[in-house]
Amino acid sequence: MTINTENLRIEQVAFDSATAKELIEELQEEYVARYGGRDETPVDPKQFAPPSGGFLMVFVGREPVGCAGLRKHNQQSVEVKRMFIRRPFRGRGLSRWLLARVEEHGRLLGYDRILMETGVQQPEAMRLYETSGYEPIPGFGYYAQAAQNRCYAKELTGG
């Protein structure tokens with residue numbers, strides 16, 4: 001069953017806002033269940049603030065159901081962090097819808113390329129990226145050398 005996108009609202013919020021923290025904590029709990037520990041990647045909330053970044057929240061009515069952050073990787077590339085859809089809203093096309101909004105936002109910020117990392121314990125995320133035009137790239141970031149790490153990139157130009 002898909003979600004009617006007319007009922008969705010996307011809003012840019014502060015990475016350290018109460019609502020963002022709530023969803024990020026749920027995501028961290030999922031990392032613990034899947035990998036045995038929290039994601040320890042260093043993040044500074046300022047990295048997710050305009051003009052070089054952003055943190056997007058998806059709402060169905062007033063209920064926050066998903067999020068995704070963008071932070072500058074280099075002059076041409078933006079990295080996606082903390083992309084998450086709450087469990088009751090999965091399997092309805094919301095991740096793909098959010099990913100498209102994230103890509104649009106990356107373009108609006110002036111980036112040519114979008115990067116992300118995930119892991120082998122998140123096969124649904126890997127499938128989403130691979131079926132959305134993302135290509136595997138060498139590891140980067142905090143978990144670059146981790147065997148479970150999988151990194152992807154997509155060009156944002158021309159879209």
# chains A, B, ... in the order shown; residues from 1 in each chain; ligands from 1
call {"tool": "residues_around", "arguments": {"residues": "Leu109 (chain A)", "least_positions_apart": "6", "cutoff": "10 Å", "atoms": "only C-alpha atoms", "output": "PyMOL selection string"}}
result
chain A and resi 50-54+70+72+78+103
call {"tool": "write_last_selection", "arguments": {"atoms": "all heavy atoms", "output": "PDB file, in the first residue's frame"}}
result
ATOM      1  N   PRO A  50      21.516  25.407   6.885  1.00  0.00           N
ATOM      2  CA  PRO A  50      21.804  26.207   5.686  1.00  0.00           C
ATOM      3  C   PRO A  50      22.984  27.134   5.960  1.00  0.00           C
ATOM      4  O   PRO A  50      23.229  27.464   7.116  1.00  0.00           O
ATOM      5  CB  PRO A  50      20.518  27.006   5.481  1.00  0.00           C
ATOM      6  CG  PRO A  50      19.462  26.235   6.227  1.00  0.00           C
ATOM      7  CD  PRO A  50      20.180  25.592   7.380  1.00  0.00           C
ATOM      8  N   PRO A  51      23.734  27.538   4.985  1.00  0.00           N
ATOM      9  CA  PRO A  51      23.455  27.377   3.562  1.00  0.00           C
ATOM     10  C   PRO A  51      24.067  26.133   2.931  1.00  0.00           C
ATOM     11  O   PRO A  51      23.804  25.838   1.784  1.00  0.00           O
ATOM     12  CB  PRO A  51      24.081  28.628   2.953  1.00  0.00           C
ATOM     13  CG  PRO A  51      25.268  28.895   3.822  1.00  0.00           C
ATOM     14  CD  PRO A  51      24.833  28.493   5.214  1.00  0.00           C
ATOM     15  N   SER A  52      24.862  25.357   3.687  1.00  0.00           N
ATOM     16  CA  SER A  52      25.536  24.214   3.059  1.00  0.00           C
ATOM     17  C   SER A  52      24.891  22.873   3.385  1.00  0.00           C
ATOM     18  O   SER A  52      25.296  21.850   2.859  1.00  0.00           O
ATOM     19  CB  SER A  52      27.012  24.193   3.460  1.00  0.00           C
ATOM     20  OG  SER A  52      27.129  24.068   4.867  1.00  0.00           O
ATOM     21  N   GLY A  53      23.896  22.859   4.256  1.00  0.00           N
ATOM     22  CA  GLY A  53      23.252  21.617   4.642  1.00  0.00           C
ATOM     23  C   GLY A  53      21.793  21.818   4.959  1.00  0.00           C
ATOM     24  O   GLY A  53      21.254  22.920   4.803  1.00  0.00           O
ATOM     25  N   GLY A  54      21.151  20.767   5.415  1.00  0.00           N
ATOM     26  CA  GLY A  54      19.749  20.846   5.807  1.00  0.00           C
ATOM     27  C   GLY A  54      19.311  19.558   6.475  1.00  0.00           C
ATOM     28  O   GLY A  54      19.938  18.516   6.315  1.00  0.00           O
ATOM     29  N   LEU A  70      21.300  16.432   5.256  1.00  0.00           N
ATOM     30  CA  LEU A  70      22.316  16.650   4.232  1.00  0.00           C
ATOM     31  C   LEU A  70      23.408  17.520   4.829  1.00  0.00           C
ATOM     32  O   LEU A  70      23.115  18.534   5.454  1.00  0.00           O
ATOM     33  CB  LEU A  70      21.724  17.371   3.013  1.00  0.00           C
ATOM     34  CG  LEU A  70      20.707  16.585   2.224  1.00  0.00           C
ATOM     35  CD1 LEU A  70      19.312  17.108   2.549  1.00  0.00           C
ATOM     36  CD2 LEU A  70      20.971  16.744   0.754  1.00  0.00           C
ATOM     37  N   LYS A  72      27.531  19.026   3.928  1.00  0.00           N
ATOM     38  CA  LYS A  72      28.563  19.217   2.913  1.00  0.00           C
ATOM     39  C   LYS A  72      29.667  18.186   3.083  1.00  0.00           C
ATOM     40  O   LYS A  72      30.176  17.989   4.189  1.00  0.00           O
ATOM     41  CB  LYS A  72      29.137  20.633   3.044  1.00  0.00           C
ATOM     42  CG  LYS A  72      30.196  20.970   2.042  1.00  0.00           C
ATOM     43  CD  LYS A  72      30.675  22.395   2.262  1.00  0.00           C
ATOM     44  CE  LYS A  72      31.703  22.801   1.248  1.00  0.00           C
ATOM     45  NZ  LYS A  72      32.075  24.217   1.423  1.00  0.00           N
ATOM     46  N   VAL A  78      27.356  16.508  -1.515  1.00  0.00           N
ATOM     47  CA  VAL A  78      26.643  16.552  -0.242  1.00  0.00           C
ATOM     48  C   VAL A  78      26.421  15.109   0.217  1.00  0.00           C
ATOM     49  O   VAL A  78      26.228  14.209  -0.598  1.00  0.00           O
ATOM     50  CB  VAL A  78      25.303  17.322  -0.380  1.00  0.00           C
ATOM     51  CG1 VAL A  78      24.321  16.604  -1.278  1.00  0.00           C
ATOM     52  CG2 VAL A  78      24.710  17.654   0.970  1.00  0.00           C
ATOM     53  N   GLU A 103      17.280  14.625  -2.900  1.00  0.00           N
ATOM     54  CA  GLU A 103      18.040  14.952  -4.111  1.00  0.00           C
ATOM     55  C   GLU A 103      17.713  16.362  -4.597  1.00  0.00           C
ATOM     56  O   GLU A 103      18.617  17.130  -4.939  1.00  0.00           O
ATOM     57  CB  GLU A 103      17.761  13.925  -5.196  1.00  0.00           C
ATOM     58  CG  GLU A 103      18.325  12.567  -4.892  1.00  0.00           C
ATOM     59  CD  GLU A 103      17.868  11.487  -5.855  1.00  0.00           C
ATOM     60  OE1 GLU A 103      17.149  11.796  -6.842  1.00  0.00           O
ATOM     61  OE2 GLU A 103      18.227  10.312  -5.637  1.00  0.00           O
TER      62      GLU A 103
END
call {"tool": "select_by_dssp", "arguments": {"residues": "chain A", "states": "alpha helix (DSSP H)", "output": "MDAnalysis selection string"}}
result
chainID A and resid 18:35 94:108 123:130
call {"tool": "residues_around", "arguments": {"residues": "Asp16 (chain A)", "least_positions_apart": "3", "cutoff": "7 Å", "atoms": "only C-alpha atoms", "output": "PyMOL selection string"}}
result
chain A and resi 20-21+45
call {"tool": "closest_residue", "arguments": {"among": "A:His73, A:Thr157, A:Lys46, A:Phe84", "to": "Arg107 (chain A)", "atoms": "only C-alpha atoms"}}
result
A:Thr157
call {"tool": "closest_residue", "arguments": {"among": "A:Ser132, A:Gln28, A:Ser77, A:Thr41", "to": "Trp97 (chain A)", "atoms": "only C-alpha atoms"}}
result
A:Ser132
call {"tool": "atom_distance", "arguments": {"atom1": "CA of Glu11 (chain A)", "atom2": "CA of Gln121 (chain A)"}}
result
28.8 Å
call {"tool": "residues_around", "arguments": {"residues": "region 136-149 of chain A", "least_positions_apart": "4", "cutoff": "10 Å", "atoms": "only C-alpha atoms", "output": "short mmCIF file (atom, residue, chain, number, x, y, z; two decimals) with all heavy atoms, in the first residue's frame"}}
result
data_model
loop_
_atom_site.label_atom_id
_atom_site.label_comp_id
_atom_site.auth_asym_id
_atom_site.auth_seq_id
_atom_site.Cartn_x
_atom_site.Cartn_y
_atom_site.Cartn_z
N TYR A 35 23.14 -3.89 14.18
CA TYR A 35 24.61 -3.95 14.18
C TYR A 35 25.22 -4.19 15.56
O TYR A 35 26.43 -4.35 15.68
CB TYR A 35 25.20 -2.66 13.59
CG TYR A 35 24.84 -2.43 12.15
CD1 TYR A 35 23.81 -1.57 11.80
CD2 TYR A 35 25.53 -3.09 11.12
CE1 TYR A 35 23.47 -1.36 10.47
CE2 TYR A 35 25.19 -2.88 9.80
CZ TYR A 35 24.16 -2.02 9.47
OH TYR A 35 23.82 -1.81 8.16
N ASP A 39 25.39 4.22 15.83
CA ASP A 39 26.26 4.83 14.82
C ASP A 39 27.08 5.89 15.54
O ASP A 39 26.53 6.87 16.06
CB ASP A 39 25.43 5.45 13.69
CG ASP A 39 26.26 6.11 12.60
OD1 ASP A 39 27.50 6.24 12.77
OD2 ASP A 39 25.68 6.51 11.60
N GLU A 40 28.37 5.71 15.56
CA GLU A 40 29.28 6.62 16.28
C GLU A 40 29.87 7.70 15.38
O GLU A 40 30.76 8.43 15.80
CB GLU A 40 30.39 5.81 16.95
CG GLU A 40 29.89 4.82 17.99
CD GLU A 40 29.22 5.48 19.19
OE1 GLU A 40 29.58 6.62 19.54
OE2 GLU A 40 28.31 4.85 19.77
N THR A 41 29.39 7.82 14.15
CA THR A 41 29.89 8.86 13.25
C THR A 41 29.79 10.22 13.92
O THR A 41 28.70 10.60 14.36
CB THR A 41 29.08 8.88 11.94
OG1 THR A 41 29.13 7.60 11.34
CG2 THR A 41 29.61 9.93 10.98
N PRO A 42 30.89 10.96 14.01
CA PRO A 42 30.81 12.30 14.60
C PRO A 42 29.93 13.21 13.74
O PRO A 42 30.08 13.25 12.52
CB PRO A 42 32.26 12.79 14.59
CG PRO A 42 33.10 11.57 14.38
CD PRO A 42 32.25 10.60 13.63
N HIS A 73 30.00 17.53 1.97
CA HIS A 73 31.14 16.60 1.96
C HIS A 73 32.36 17.32 1.38
O HIS A 73 33.45 17.23 1.93
CB HIS A 73 30.78 15.37 1.14
CG HIS A 73 31.86 14.35 1.07
ND1 HIS A 73 32.13 13.50 2.13
CD2 HIS A 73 32.73 14.04 0.09
CE1 HIS A 73 33.14 12.72 1.79
NE2 HIS A 73 33.52 13.02 0.56
N GLU A 79 26.50 14.89 1.51
CA GLU A 79 26.32 13.56 2.08
C GLU A 79 24.98 13.48 2.79
O GLU A 79 24.59 14.39 3.51
CB GLU A 79 27.44 13.27 3.08
CG GLU A 79 27.30 11.93 3.76
CD GLU A 79 28.32 11.71 4.86
OE1 GLU A 79 29.09 12.63 5.19
OE2 GLU A 79 28.33 10.59 5.41
N LEU A 115 26.13 11.70 -1.89
CA LEU A 115 26.80 10.51 -1.36
C LEU A 115 26.03 9.99 -0.16
O LEU A 115 25.38 10.75 0.55
CB LEU A 115 28.21 10.84 -0.86
CG LEU A 115 29.14 11.64 -1.74
CD1 LEU A 115 30.39 12.00 -0.95
CD2 LEU A 115 29.49 10.86 -2.97
N MET A 116 26.16 8.70 0.07
CA MET A 116 25.58 8.13 1.29
C MET A 116 26.29 6.84 1.62
O MET A 116 26.92 6.22 0.77
CB MET A 116 24.10 7.90 1.13
CG MET A 116 23.74 6.98 0.01
SD MET A 116 22.00 6.90 -0.32
CE MET A 116 21.52 8.59 -0.36
N GLU A 117 26.16 6.47 2.88
CA GLU A 117 26.69 5.19 3.30
C GLU A 117 25.61 4.46 4.08
O GLU A 117 24.76 5.06 4.72
CB GLU A 117 27.97 5.32 4.12
CG GLU A 117 27.83 6.07 5.41
CD GLU A 117 29.12 6.14 6.20
OE1 GLU A 117 29.96 5.24 6.10
OE2 GLU A 117 29.26 7.12 6.95
N THR A 118 25.64 3.17 3.97
CA THR A 118 24.73 2.30 4.70
C THR A 118 25.52 1.04 5.04
O THR A 118 26.74 1.05 4.96
CB THR A 118 23.44 2.02 3.88
OG1 THR A 118 22.49 1.35 4.72
CG2 THR A 118 23.70 1.21 2.62
N GLY A 119 24.83 -0.01 5.41
CA GLY A 119 25.54 -1.23 5.75
C GLY A 119 24.77 -2.46 5.31
O GLY A 119 23.59 -2.40 4.97
N VAL A 120 25.46 -3.57 5.33
CA VAL A 120 24.88 -4.82 4.81
C VAL A 120 23.70 -5.30 5.64
O VAL A 120 22.90 -6.11 5.16
CB VAL A 120 25.94 -5.93 4.68
CG1 VAL A 120 27.00 -5.54 3.66
CG2 VAL A 120 26.56 -6.26 6.03
N GLN A 121 23.54 -4.83 6.87
CA GLN A 121 22.39 -5.21 7.68
C GLN A 121 21.15 -4.36 7.35
O GLN A 121 20.12 -4.48 8.01
CB GLN A 121 22.71 -5.08 9.17
CG GLN A 121 23.82 -6.00 9.63
CD GLN A 121 23.50 -7.47 9.38
OE1 GLN A 121 22.39 -7.92 9.55
NE2 GLN A 121 24.51 -8.22 8.96
N GLN A 122 21.27 -3.53 6.31
CA GLN A 122 20.14 -2.71 5.85
C GLN A 122 19.92 -2.98 4.36
O GLN A 122 20.06 -2.09 3.52
CB GLN A 122 20.43 -1.23 6.10
CG GLN A 122 20.51 -0.89 7.57
CD GLN A 122 21.10 0.48 7.77
OE1 GLN A 122 22.31 0.65 7.86
NE2 GLN A 122 20.23 1.47 7.84
N MET A 126 20.01 -0.53 0.80
CA MET A 126 20.88 -0.78 -0.35
C MET A 126 20.05 -0.94 -1.62
O MET A 126 20.37 -0.37 -2.66
CB MET A 126 21.74 -2.03 -0.10
CG MET A 126 22.76 -1.83 1.02
SD MET A 126 23.59 -3.35 1.54
CE MET A 126 24.25 -3.95 0.01
N TYR A 129 18.71 2.52 -2.84
CA TYR A 129 19.72 3.33 -3.51
C TYR A 129 20.07 2.75 -4.87
O TYR A 129 20.15 3.48 -5.87
CB TYR A 129 20.97 3.47 -2.64
CG TYR A 129 20.65 4.03 -1.26
CD1 TYR A 129 21.28 3.56 -0.13
CD2 TYR A 129 19.69 5.03 -1.10
CE1 TYR A 129 20.97 4.06 1.12
CE2 TYR A 129 19.38 5.53 0.15
CZ TYR A 129 20.02 5.04 1.26
OH TYR A 129 19.71 5.53 2.50
N GLU A 130 20.25 1.45 -4.93
CA GLU A 130 20.65 0.81 -6.19
C GLU A 130 19.55 0.93 -7.26
O GLU A 130 19.86 1.05 -8.44
CB GLU A 130 20.99 -0.66 -5.94
CG GLU A 130 22.28 -0.81 -5.16
CD GLU A 130 22.52 -2.19 -4.60
OE1 GLU A 130 21.69 -3.11 -4.83
OE2 GLU A 130 23.54 -2.38 -3.90
N ALA A 153 26.89 6.78 -4.59
CA ALA A 153 26.87 8.16 -5.07
C ALA A 153 25.98 8.26 -6.30
O ALA A 153 25.76 7.27 -7.01
CB ALA A 153 28.29 8.62 -5.43
N LYS A 154 25.47 9.47 -6.52
CA LYS A 154 24.65 9.74 -7.69
C LYS A 154 24.92 11.17 -8.12
O LYS A 154 25.02 12.08 -7.28
CB LYS A 154 23.17 9.58 -7.33
CG LYS A 154 22.23 9.83 -8.50
CD LYS A 154 20.78 9.58 -8.08
CE LYS A 154 19.83 9.80 -9.23
NZ LYS A 154 18.42 9.53 -8.81
#
call {"tool": "select_by_dssp", "arguments": {"residues": "chain A", "states": "strand (DSSP E)", "output": "number ranges by chain"}}
result
A: 8-12, 54-60, 63-72, 77-85, 113-119, 135-137, 149-155
call {"tool": "closest_residue", "arguments": {"among": "A:Arg9, A:Arg34, A:Arg150, A:Arg92", "to": "Pro64 (chain A)", "atoms": "only C-alpha atoms"}}
result
A:Arg9
call {"tool": "atom_distance", "arguments": {"atom1": "CA of Tyr134 (chain A)", "atom2": "CA of Glu22 (chain A)"}}
result
28.4 Å
call {"tool": "decode", "arguments": {"residues": "region 104-139 of chain A", "atoms": "N, CA, C and O atoms", "output": "short mmCIF file (atom, residue, chain, number, x, y, z; two decimals), in the first residue's frame"}}
result
data_model
loop_
_atom_site.label_atom_id
_atom_site.label_comp_id
_atom_site.auth_asym_id
_atom_site.auth_seq_id
_atom_site.Cartn_x
_atom_site.Cartn_y
_atom_site.Cartn_z
N GLU A 104 16.43 16.72 -4.60
CA GLU A 104 16.03 18.08 -4.99
C GLU A 104 16.69 19.11 -4.09
O GLU A 104 17.18 20.14 -4.56
N HIS A 105 16.69 18.84 -2.80
CA HIS A 105 17.29 19.78 -1.85
C HIS A 105 18.79 19.90 -2.08
O HIS A 105 19.34 21.00 -2.01
N GLY A 106 19.44 18.79 -2.37
CA GLY A 106 20.88 18.83 -2.67
C GLY A 106 21.16 19.71 -3.89
O GLY A 106 22.12 20.49 -3.89
N ARG A 107 20.32 19.59 -4.91
CA ARG A 107 20.47 20.45 -6.10
C ARG A 107 20.27 21.92 -5.73
O ARG A 107 21.03 22.79 -6.16
N LEU A 108 19.24 22.20 -4.92
CA LEU A 108 18.96 23.59 -4.51
C LEU A 108 20.12 24.18 -3.72
O LEU A 108 20.36 25.38 -3.78
N LEU A 109 20.82 23.33 -2.98
CA LEU A 109 21.99 23.80 -2.23
C LEU A 109 23.21 24.01 -3.12
O LEU A 109 24.22 24.51 -2.67
N GLY A 110 23.11 23.59 -4.39
CA GLY A 110 24.18 23.83 -5.35
C GLY A 110 25.15 22.68 -5.54
O GLY A 110 26.21 22.87 -6.14
N TYR A 111 24.82 21.50 -5.04
CA TYR A 111 25.71 20.37 -5.19
C TYR A 111 25.46 19.62 -6.50
O TYR A 111 24.35 19.60 -7.01
N ASP A 112 26.53 18.99 -7.01
CA ASP A 112 26.47 18.21 -8.25
C ASP A 112 26.36 16.72 -8.00
O ASP A 112 26.04 15.96 -8.90
N ARG A 113 26.65 16.31 -6.76
CA ARG A 113 26.73 14.87 -6.46
C ARG A 113 26.23 14.64 -5.04
O ARG A 113 26.45 15.46 -4.15
N ILE A 114 25.58 13.50 -4.86
CA ILE A 114 25.09 13.14 -3.54
C ILE A 114 25.70 11.80 -3.14
O ILE A 114 25.82 10.90 -3.97
N LEU A 115 26.13 11.70 -1.89
CA LEU A 115 26.80 10.51 -1.36
C LEU A 115 26.03 9.99 -0.16
O LEU A 115 25.38 10.75 0.55
N MET A 116 26.16 8.70 0.07
CA MET A 116 25.58 8.13 1.29
C MET A 116 26.29 6.84 1.62
O MET A 116 26.92 6.22 0.77
N GLU A 117 26.16 6.47 2.88
CA GLU A 117 26.69 5.19 3.30
C GLU A 117 25.61 4.46 4.08
O GLU A 117 24.76 5.06 4.72
N THR A 118 25.64 3.17 3.97
CA THR A 118 24.73 2.30 4.70
C THR A 118 25.52 1.04 5.04
O THR A 118 26.74 1.05 4.96
N GLY A 119 24.83 -0.01 5.41
CA GLY A 119 25.54 -1.23 5.75
C GLY A 119 24.77 -2.46 5.31
O GLY A 119 23.59 -2.40 4.97
N VAL A 120 25.46 -3.57 5.33
CA VAL A 120 24.88 -4.82 4.81
C VAL A 120 23.70 -5.30 5.64
O VAL A 120 22.90 -6.11 5.16
N GLN A 121 23.54 -4.83 6.87
CA GLN A 121 22.39 -5.21 7.68
C GLN A 121 21.15 -4.36 7.35
O GLN A 121 20.12 -4.48 8.01
N GLN A 122 21.27 -3.53 6.31
CA GLN A 122 20.14 -2.71 5.85
C GLN A 122 19.92 -2.98 4.36
O GLN A 122 20.06 -2.09 3.52
N PRO A 123 19.57 -4.21 4.01
CA PRO A 123 19.43 -4.54 2.59
C PRO A 123 18.35 -3.74 1.89
O PRO A 123 18.46 -3.45 0.69
N GLU A 124 17.31 -3.33 2.61
CA GLU A 124 16.26 -2.53 1.99
C GLU A 124 16.79 -1.15 1.60
O GLU A 124 16.41 -0.60 0.56
N ALA A 125 17.70 -0.59 2.38
CA ALA A 125 18.31 0.70 2.03
C ALA A 125 19.22 0.53 0.81
O ALA A 125 19.17 1.34 -0.13
N MET A 126 20.01 -0.53 0.80
CA MET A 126 20.88 -0.78 -0.35
C MET A 126 20.05 -0.94 -1.62
O MET A 126 20.37 -0.37 -2.66
N ARG A 127 18.95 -1.67 -1.53
CA ARG A 127 18.07 -1.89 -2.68
C ARG A 127 17.46 -0.56 -3.15
O ARG A 127 17.37 -0.29 -4.34
N LEU A 128 17.04 0.29 -2.20
CA LEU A 128 16.47 1.60 -2.55
C LEU A 128 17.48 2.42 -3.34
O LEU A 128 17.16 2.96 -4.39
N TYR A 129 18.71 2.52 -2.84
CA TYR A 129 19.72 3.33 -3.51
C TYR A 129 20.07 2.75 -4.87
O TYR A 129 20.15 3.48 -5.87
N GLU A 130 20.25 1.45 -4.93
CA GLU A 130 20.65 0.81 -6.19
C GLU A 130 19.55 0.93 -7.26
O GLU A 130 19.86 1.05 -8.44
N THR A 131 18.28 0.93 -6.85
CA THR A 131 17.19 1.07 -7.83
C THR A 131 16.81 2.52 -8.08
O THR A 131 15.91 2.80 -8.85
N SER A 132 17.53 3.44 -7.42
CA SER A 132 17.28 4.88 -7.61
C SER A 132 18.43 5.56 -8.34
O SER A 132 18.56 6.78 -8.30
N GLY A 133 19.29 4.77 -8.98
CA GLY A 133 20.36 5.33 -9.79
C GLY A 133 21.66 5.59 -9.08
O GLY A 133 22.56 6.23 -9.64
N TYR A 134 21.82 5.09 -7.87
CA TYR A 134 23.07 5.27 -7.13
C TYR A 134 24.05 4.17 -7.51
O TYR A 134 23.66 3.03 -7.70
N GLU A 135 25.31 4.54 -7.62
CA GLU A 135 26.37 3.61 -7.97
C GLU A 135 27.24 3.36 -6.74
O GLU A 135 27.53 4.28 -5.97
N PRO A 136 27.69 2.12 -6.56
CA PRO A 136 28.62 1.83 -5.46
C PRO A 136 29.93 2.62 -5.65
O PRO A 136 30.41 2.78 -6.77
N ILE A 137 30.46 3.11 -4.55
CA ILE A 137 31.74 3.84 -4.56
C ILE A 137 32.60 3.30 -3.42
O ILE A 137 32.08 2.64 -2.52
N PRO A 138 33.90 3.60 -3.43
CA PRO A 138 34.74 3.18 -2.31
C PRO A 138 34.27 3.80 -1.00
O PRO A 138 33.67 4.88 -0.98
N GLY A 139 34.55 3.10 0.09
CA GLY A 139 34.14 3.58 1.40
C GLY A 139 34.71 4.95 1.73
O GLY A 139 35.80 5.32 1.30
#
